[in-house]
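This report concerns only the one structure given below.
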Amino acid sequence: ENQSVTLTSSTEGAEIYYTIDGTSPSQSNGTKYTEAISVTGTEGKSIQTIIKAIAVKDKMQSSDVVTFTYTIKIPAQQNNGGGGGYIPLAQKPIVENDDNGTTSADLSNTTSTSGGTTAANIDKSTGEEIVDKAVSNKSEEIVIDATAKHTTAADSTVVAQVGIPTAALKGIAEKTEADVTVKTDVAEVKMDNAAAGAVAEQAAGDTVQIIVEKVDETADKVEFQLKVVCSDGNVIRDFKGGNVAVTVAIPKDMAEKKVVCVFIDENGKMSKVKGQKNADGTYTFFTGHFSTYALMAEEEADTAIAAQQKEETLAALSDQQLTARSKLVTMKNGKKAVKITWYNENGELM
């Protein structure tokens with residue numbers, strides 16, 4: 001969690017002494033610097049007061065302060081006692097541009113995990129910062145990283161929630177051409193610019209929550225539910241022509257199988273959707289709306305879909321109240337056969 005701290009003397013040959021309790025160090029009460037120092041920041045204490053250092057050389061006074069540079073990372077989260085979760089420190093997300101046309105927002109400072117749910121939220125000012133930096137950078141992609149930074153928290157996550165200001169999504173859609181990628185421990189969701197705009201257009205309230213939940217996992221299937229929920233409770237499902245790519249990890253038991261993704265409608269009916277297996281052990285599927293989806297071995301998916309189609313056909317025949325009429329006929333080869341003709345309840349030939 002920590003990075004090394006490097007102290008640099010402004011006086012050649014000076015011995016450097018340091019303290020990390022905020023008091024002025026001296027040769028008598030400080031620690032002599034000989035190598036990089038690993039320091040953990042303390043919540044509520046200014047980072048500038050964590051380390052102080054001076055140079056002591058021959059007859060130099062202890063008040064002679066050495067200049068020094070350091071890089072320090074305060075842990076984004078602290079263990080929440082025996083609850084098994086983590087609570088965030090009061091810090092803002094880090095928003096940065098790179099030279100490859102990407103604006104990234106690291107939400108690790110505001111991400112919390114409890115009871116299998118990992119949640120992160122972008123506040124109004126951070127949303128505005130994301131839009132401004134994406135515009136200035138002419139970014140093609142905005143990456144929002146809401147993954148848990150602790151392995152145990154990430155492994156236990158079954159529900160991931162990421163809150164985004166509606167105004168930020170609207171700004172991205174109207175002022176940039178960037179796609180929006182939201183990374184969570186359950187799935188990575190990449191909305192193209194049109195999909196982000198469709199969400200903003202339909203959103204009611206100040207924020208929208210992108211929710212990805214792993215609802216079931218067996219050796220043969222892993223099922224996900226994806227939702228966009230507005231702050232007033234309204235659920236957005238259709239992206240009005242926009243597209244979303246969803247990337248999920250393939251379970252170990254299915255790693256060697258040919259995997260497909262199926263859409264599961266509200267009646268439990270399955271249908272295949274476009275997707276691809278990736279070299280890193282993940283699978284990406286593509287959709288124009290959020291609902292329930294499942295990764296399955298292709299053989300199991302084909303069997304399940306065929307069984308559903310057979311059941312639907314039989315149900316349709318039953319609903320039609322068909323009547324069968326048969327007669328003995330002679331085939332071209334001279335053999336006898338029974339010809340069966342089906343009629344509906346009105347006596348019409350089917």
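As shown in the structure tokens, the chain order sets the letters A, B, ...; within each chain, residues go from 1, and ligands are also counted from 1 in the order they appear.
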Residues at most 8 Å from range 212-226 of chain A, counting only C-alpha atoms, excluding those fewer than 4 positions away in the same chain, as a list in words?
Val158, Val159, Ala160, Gln161, Val186, Ala187, Pro251, Asp253, Met254, Phe290, Ser291, Thr292, Tyr293, Ala294, Leu295, Met296, Ala297 and Glu300 of chain A
Save out the residues we just selected, N, CA and C atoms, as a PDB file, in the first residue's frame.
```pdb
ATOM      1  N   VAL A 158     -20.233  -9.836  -4.984  1.00  0.00           N
ATOM      2  CA  VAL A 158     -21.222 -10.433  -5.890  1.00  0.00           C
ATOM      3  C   VAL A 158     -22.138  -9.359  -6.483  1.00  0.00           C
ATOM      4  N   VAL A 159     -22.148  -8.171  -5.862  1.00  0.00           N
ATOM      5  CA  VAL A 159     -22.916  -7.040  -6.386  1.00  0.00           C
ATOM      6  C   VAL A 159     -21.998  -5.825  -6.447  1.00  0.00           C
ATOM      7  N   ALA A 160     -21.948  -5.181  -7.618  1.00  0.00           N
ATOM      8  CA  ALA A 160     -21.155  -3.967  -7.778  1.00  0.00           C
ATOM      9  C   ALA A 160     -22.083  -2.828  -8.184  1.00  0.00           C
ATOM     10  N   GLN A 161     -21.956  -1.701  -7.485  1.00  0.00           N
ATOM     11  CA  GLN A 161     -22.791  -0.534  -7.758  1.00  0.00           C
ATOM     12  C   GLN A 161     -21.900   0.689  -7.967  1.00  0.00           C
ATOM     13  N   VAL A 186     -17.273  -7.533 -10.543  1.00  0.00           N
ATOM     14  CA  VAL A 186     -18.195  -8.514 -11.103  1.00  0.00           C
ATOM     15  C   VAL A 186     -18.107  -8.539 -12.619  1.00  0.00           C
ATOM     16  N   ALA A 187     -18.005  -7.367 -13.243  1.00  0.00           N
ATOM     17  CA  ALA A 187     -17.927  -7.279 -14.697  1.00  0.00           C
ATOM     18  C   ALA A 187     -17.398  -5.925 -15.094  1.00  0.00           C
ATOM     19  N   PRO A 251     -15.671 -18.932 -15.383  1.00  0.00           N
ATOM     20  CA  PRO A 251     -15.378 -19.823 -14.255  1.00  0.00           C
ATOM     21  C   PRO A 251     -14.367 -20.905 -14.639  1.00  0.00           C
ATOM     22  N   ASP A 253     -14.252 -24.019 -14.048  1.00  0.00           N
ATOM     23  CA  ASP A 253     -14.838 -25.274 -14.522  1.00  0.00           C
ATOM     24  C   ASP A 253     -15.239 -25.207 -15.990  1.00  0.00           C
ATOM     25  N   MET A 254     -15.366 -23.998 -16.533  1.00  0.00           N
ATOM     26  CA  MET A 254     -15.776 -23.834 -17.925  1.00  0.00           C
ATOM     27  C   MET A 254     -14.630 -23.361 -18.819  1.00  0.00           C
ATOM     28  N   PHE A 290     -30.122  -3.871 -20.995  1.00  0.00           N
ATOM     29  CA  PHE A 290     -29.727  -4.591 -19.791  1.00  0.00           C
ATOM     30  C   PHE A 290     -30.843  -5.521 -19.341  1.00  0.00           C
ATOM     31  N   SER A 291     -30.457  -6.683 -18.855  1.00  0.00           N
ATOM     32  CA  SER A 291     -31.400  -7.674 -18.361  1.00  0.00           C
ATOM     33  C   SER A 291     -30.586  -8.748 -17.653  1.00  0.00           C
ATOM     34  N   THR A 292     -31.017 -10.007 -17.803  1.00  0.00           N
ATOM     35  CA  THR A 292     -30.300 -11.136 -17.222  1.00  0.00           C
ATOM     36  C   THR A 292     -29.591 -11.906 -18.326  1.00  0.00           C
ATOM     37  N   TYR A 293     -28.334 -12.230 -18.079  1.00  0.00           N
ATOM     38  CA  TYR A 293     -27.515 -12.960 -19.051  1.00  0.00           C
ATOM     39  C   TYR A 293     -26.778 -14.083 -18.328  1.00  0.00           C
ATOM     40  N   ALA A 294     -26.376 -15.085 -19.102  1.00  0.00           N
ATOM     41  CA  ALA A 294     -25.651 -16.202 -18.495  1.00  0.00           C
ATOM     42  C   ALA A 294     -24.573 -16.702 -19.443  1.00  0.00           C
ATOM     43  N   LEU A 295     -23.425 -17.035 -18.872  1.00  0.00           N
ATOM     44  CA  LEU A 295     -22.387 -17.743 -19.617  1.00  0.00           C
ATOM     45  C   LEU A 295     -22.633 -19.227 -19.438  1.00  0.00           C
ATOM     46  N   MET A 296     -22.605 -19.974 -20.562  1.00  0.00           N
ATOM     47  CA  MET A 296     -22.829 -21.414 -20.510  1.00  0.00           C
ATOM     48  C   MET A 296     -21.913 -22.102 -21.514  1.00  0.00           C
ATOM     49  N   ALA A 297     -21.612 -23.358 -21.269  1.00  0.00           N
ATOM     50  CA  ALA A 297     -20.963 -24.161 -22.298  1.00  0.00           C
ATOM     51  C   ALA A 297     -21.943 -24.281 -23.464  1.00  0.00           C
ATOM     52  N   GLU A 300     -24.429 -27.233 -23.491  1.00  0.00           N
ATOM     53  CA  GLU A 300     -25.517 -27.126 -22.526  1.00  0.00           C
ATOM     54  C   GLU A 300     -26.540 -26.073 -22.968  1.00  0.00           C
TER      55      GLU A 300
END
```
Neighbouring residues of range 122-131 of chain A were defined as those with any atom within 6 Å, considering only C-alpha atoms; residues of the same chain fewer than 2 positions away were excluded. Please report them as JSON, numbers by chain.
{"A": [133, 134, 163, 164, 168, 172]}
Keeping all heavy atoms for every residue in the selection just given, could you write it to a file as an mmCIF file, in the first residue's frame?
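Saved as selection_17.cif:
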```cif
data_model
loop_
_atom_site.group_PDB
_atom_site.id
_atom_site.type_symbol
_atom_site.label_atom_id
_atom_site.label_comp_id
_atom_site.auth_asym_id
_atom_site.auth_seq_id
_atom_site.Cartn_x
_atom_site.Cartn_y
_atom_site.Cartn_z
ATOM 1 N N LYS A 133 -11.883 17.284 -18.416
ATOM 2 C CA LYS A 133 -10.619 16.691 -18.847
ATOM 3 C C LYS A 133 -10.792 15.876 -20.128
ATOM 4 O O LYS A 133 -9.911 15.867 -20.993
ATOM 5 C CB LYS A 133 -10.031 15.822 -17.734
ATOM 6 C CG LYS A 133 -9.483 16.647 -16.580
ATOM 7 C CD LYS A 133 -8.536 15.847 -15.697
ATOM 8 C CE LYS A 133 -7.863 16.768 -14.679
ATOM 9 N NZ LYS A 133 -6.897 16.058 -13.826
ATOM 10 N N ALA A 134 -11.919 15.209 -20.267
ATOM 11 C CA ALA A 134 -12.170 14.448 -21.491
ATOM 12 C C ALA A 134 -12.290 15.379 -22.688
ATOM 13 O O ALA A 134 -11.808 15.067 -23.789
ATOM 14 C CB ALA A 134 -13.436 13.606 -21.340
ATOM 15 N N GLY A 163 -22.261 4.794 -8.861
ATOM 16 C CA GLY A 163 -23.130 5.949 -9.060
ATOM 17 C C GLY A 163 -22.449 7.009 -9.904
ATOM 18 O O GLY A 163 -21.299 7.388 -9.634
ATOM 19 N N ILE A 164 -23.149 7.492 -10.925
ATOM 20 C CA ILE A 164 -22.610 8.505 -11.832
ATOM 21 C C ILE A 164 -23.628 9.644 -11.944
ATOM 22 O O ILE A 164 -24.814 9.387 -12.181
ATOM 23 C CB ILE A 164 -22.335 7.918 -13.231
ATOM 24 C CG1 ILE A 164 -21.392 6.713 -13.135
ATOM 25 C CG2 ILE A 164 -21.744 8.976 -14.159
ATOM 26 C CD1 ILE A 164 -21.180 6.012 -14.463
ATOM 27 N N ALA A 168 -23.090 14.385 -15.699
ATOM 28 C CA ALA A 168 -21.801 13.959 -16.241
ATOM 29 C C ALA A 168 -21.994 13.100 -17.487
ATOM 30 O O ALA A 168 -21.293 13.276 -18.498
ATOM 31 C CB ALA A 168 -21.008 13.201 -15.183
ATOM 32 N N ILE A 172 -20.763 14.027 -21.236
ATOM 33 C CA ILE A 172 -19.927 13.129 -22.037
ATOM 34 C C ILE A 172 -20.558 12.913 -23.405
ATOM 35 O O ILE A 172 -19.876 12.950 -24.443
ATOM 36 C CB ILE A 172 -19.741 11.786 -21.303
ATOM 37 C CG1 ILE A 172 -18.870 11.978 -20.062
ATOM 38 C CG2 ILE A 172 -19.121 10.743 -22.226
ATOM 39 C CD1 ILE A 172 -18.848 10.789 -19.134
#
```
Which of range 106-274 of chain A DSSP labels strand (DSSP E), written as a VMD selection string:
chain A and resid 106 112 to 114 117 to 121 141 to 145 159 to 165 179 to 183 188 to 191 207 to 217 221 to 230 235 to 236 244 to 249 259 to 264 270 to 273
From the list A:Lys252, A:Lys227, A:Lys335, A:Lys240, which residue is nearest Asn193 in chain A when using only C-alpha atoms?
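Closest candidate: A:Lys240.
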Might you pull out every residue within 6 Å of range 90-104 of chain A, with only C-alpha atoms counted and same-chain residues fewer than 5 positions away left off, and present them as a PyMOL selection string?
chain A and resi 109+134+139-144
Got time to write the residues from that selection, C-alpha atoms, as a CSV table (one decimal), in the first residue's frame?
```csv
chain,number,residue,atom,x,y,z
A,109,ASN,CA,-10.6,6.4,-2.5
A,134,ALA,CA,-12.2,14.4,-21.5
A,139,SER,CA,-10.6,11.5,-25.2
A,140,GLU,CA,-12.0,8.5,-27.0
A,141,GLU,CA,-12.6,6.6,-23.8
A,142,ILE,CA,-13.4,7.4,-20.2
A,143,VAL,CA,-12.5,4.6,-17.8
A,144,ILE,CA,-14.1,4.6,-14.4
```
Quick one: pull the distance between CA of Ala324 in chain A and CA of Ala306 in chain A, Å, one decimal.
25.1 Å
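Note that CA of Val246 in chain A and CA of Ser136 in chain A are 27.7 Å apart.
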Would you list the contacts of Leu328 in chain A as a list in words, taking every protein, DNA or RNA residue within 10 Å and counting only C-alpha atoms, but skipping same-chain residues closer than 6 positions in sequence?
Lys336, Ala337, Val338, Lys339 and Ile340 of chain A
Skipping near chain neighbours, those fewer than 5 positions away, what residues fall within 10 Å of Asp185 in chain A using only C-alpha atoms, listed as a PyMOL selection string?
chain A and resi 117-118+145-149+153-160+212-213+248-249
Taking the DSSP secondary structure from the backbone, can you list the residues of range 124-331 of chain A that are alpha helix (DSSP H), as a ChimeraX atom specification?
/A:124-137,151-156,166-175,193-202,298-320
Same residues, C-alpha atoms, saved as an mmCIF file, in the first residue's frame:
```cif
data_model
loop_
_atom_site.group_PDB
_atom_site.id
_atom_site.type_symbol
_atom_site.label_atom_id
_atom_site.label_comp_id
_atom_site.auth_asym_id
_atom_site.auth_seq_id
_atom_site.Cartn_x
_atom_site.Cartn_y
_atom_site.Cartn_z
ATOM 1 C CA LYS A 124 -20.904 16.323 -8.847
ATOM 2 C CA SER A 125 -17.529 18.093 -8.869
ATOM 3 C CA THR A 126 -15.677 14.936 -9.892
ATOM 4 C CA GLY A 127 -18.208 14.358 -12.660
ATOM 5 C CA GLU A 128 -17.568 17.870 -13.944
ATOM 6 C CA GLU A 129 -13.817 17.279 -13.756
ATOM 7 C CA ILE A 130 -14.145 14.072 -15.791
ATOM 8 C CA VAL A 131 -16.093 15.884 -18.519
ATOM 9 C CA ASP A 132 -13.714 18.864 -18.597
ATOM 10 C CA LYS A 133 -10.619 16.691 -18.847
ATOM 11 C CA ALA A 134 -12.170 14.448 -21.491
ATOM 12 C CA VAL A 135 -13.053 17.511 -23.567
ATOM 13 C CA SER A 136 -9.580 19.055 -23.254
ATOM 14 C CA ASN A 137 -7.927 15.707 -24.026
ATOM 15 C CA THR A 151 -8.061 -8.951 -2.801
ATOM 16 C CA THR A 152 -10.374 -10.328 -0.118
ATOM 17 C CA ALA A 153 -12.944 -7.623 -0.821
ATOM 18 C CA ALA A 154 -12.748 -8.169 -4.581
ATOM 19 C CA ASP A 155 -13.115 -11.932 -4.252
ATOM 20 C CA SER A 156 -16.191 -11.608 -2.050
ATOM 21 C CA THR A 166 -26.718 12.277 -14.746
ATOM 22 C CA ALA A 167 -25.201 15.619 -15.759
ATOM 23 C CA ALA A 168 -21.801 13.959 -16.241
ATOM 24 C CA LEU A 169 -23.215 11.336 -18.601
ATOM 25 C CA LYS A 170 -25.067 14.052 -20.484
ATOM 26 C CA GLY A 171 -21.886 16.107 -20.752
ATOM 27 C CA ILE A 172 -19.927 13.129 -22.037
ATOM 28 C CA ALA A 173 -22.567 12.408 -24.679
ATOM 29 C CA GLU A 174 -22.952 16.017 -25.814
ATOM 30 C CA LYS A 175 -19.399 17.369 -25.536
ATOM 31 C CA ASN A 193 -21.192 7.171 -26.581
ATOM 32 C CA ALA A 194 -24.703 6.589 -27.935
ATOM 33 C CA ALA A 195 -25.592 4.281 -25.038
ATOM 34 C CA ALA A 196 -24.280 6.790 -22.489
ATOM 35 C CA GLY A 197 -26.397 9.465 -24.153
ATOM 36 C CA ALA A 198 -29.482 7.237 -24.128
ATOM 37 C CA VAL A 199 -29.092 6.637 -20.390
ATOM 38 C CA ALA A 200 -28.693 10.364 -19.718
ATOM 39 C CA GLU A 201 -31.722 11.163 -21.887
ATOM 40 C CA GLN A 202 -33.971 8.706 -20.057
ATOM 41 C CA GLU A 298 -22.322 -24.132 -25.865
ATOM 42 C CA GLU A 299 -23.460 -27.759 -25.666
ATOM 43 C CA GLU A 300 -25.517 -27.126 -22.526
ATOM 44 C CA ALA A 301 -26.948 -23.921 -24.010
ATOM 45 C CA ASP A 302 -28.002 -25.668 -27.236
ATOM 46 C CA THR A 303 -29.665 -28.474 -25.258
ATOM 47 C CA ALA A 304 -31.560 -26.018 -23.046
ATOM 48 C CA ILE A 305 -32.719 -23.879 -25.996
ATOM 49 C CA ALA A 306 -33.835 -26.951 -27.989
ATOM 50 C CA ALA A 307 -35.834 -28.213 -24.993
ATOM 51 C CA GLN A 308 -37.533 -24.825 -24.656
ATOM 52 C CA GLN A 309 -38.416 -24.771 -28.363
ATOM 53 C CA LYS A 310 -39.904 -28.276 -28.149
ATOM 54 C CA GLU A 311 -41.957 -27.263 -25.122
ATOM 55 C CA GLU A 312 -43.225 -24.147 -26.937
ATOM 56 C CA THR A 313 -44.198 -26.199 -29.999
ATOM 57 C CA LEU A 314 -46.146 -28.695 -27.923
ATOM 58 C CA ALA A 315 -47.855 -25.877 -26.045
ATOM 59 C CA ALA A 316 -48.815 -24.213 -29.317
ATOM 60 C CA LEU A 317 -50.274 -27.461 -30.656
ATOM 61 C CA SER A 318 -52.242 -27.900 -27.460
ATOM 62 C CA ASP A 319 -53.592 -24.355 -27.629
ATOM 63 C CA GLN A 320 -54.704 -24.837 -31.205
#
```
Top pick for closest residue to Lys258 in chain A, considering A:Gly241, A:Lys277, A:Met270, A:Arg325 and counting only C-alpha atoms:
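Among A:Gly241, A:Lys277, A:Met270, A:Arg325, it is A:Lys277 that comes nearest to Lys258 in chain A.
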Would you mind listing what lies within 8 Å of Phe285 in chain A as a VMD selection string, with only C-alpha atoms counted and same-chain residues fewer than 4 positions away left out?
chain A and resid 245 to 247 261 273 to 276
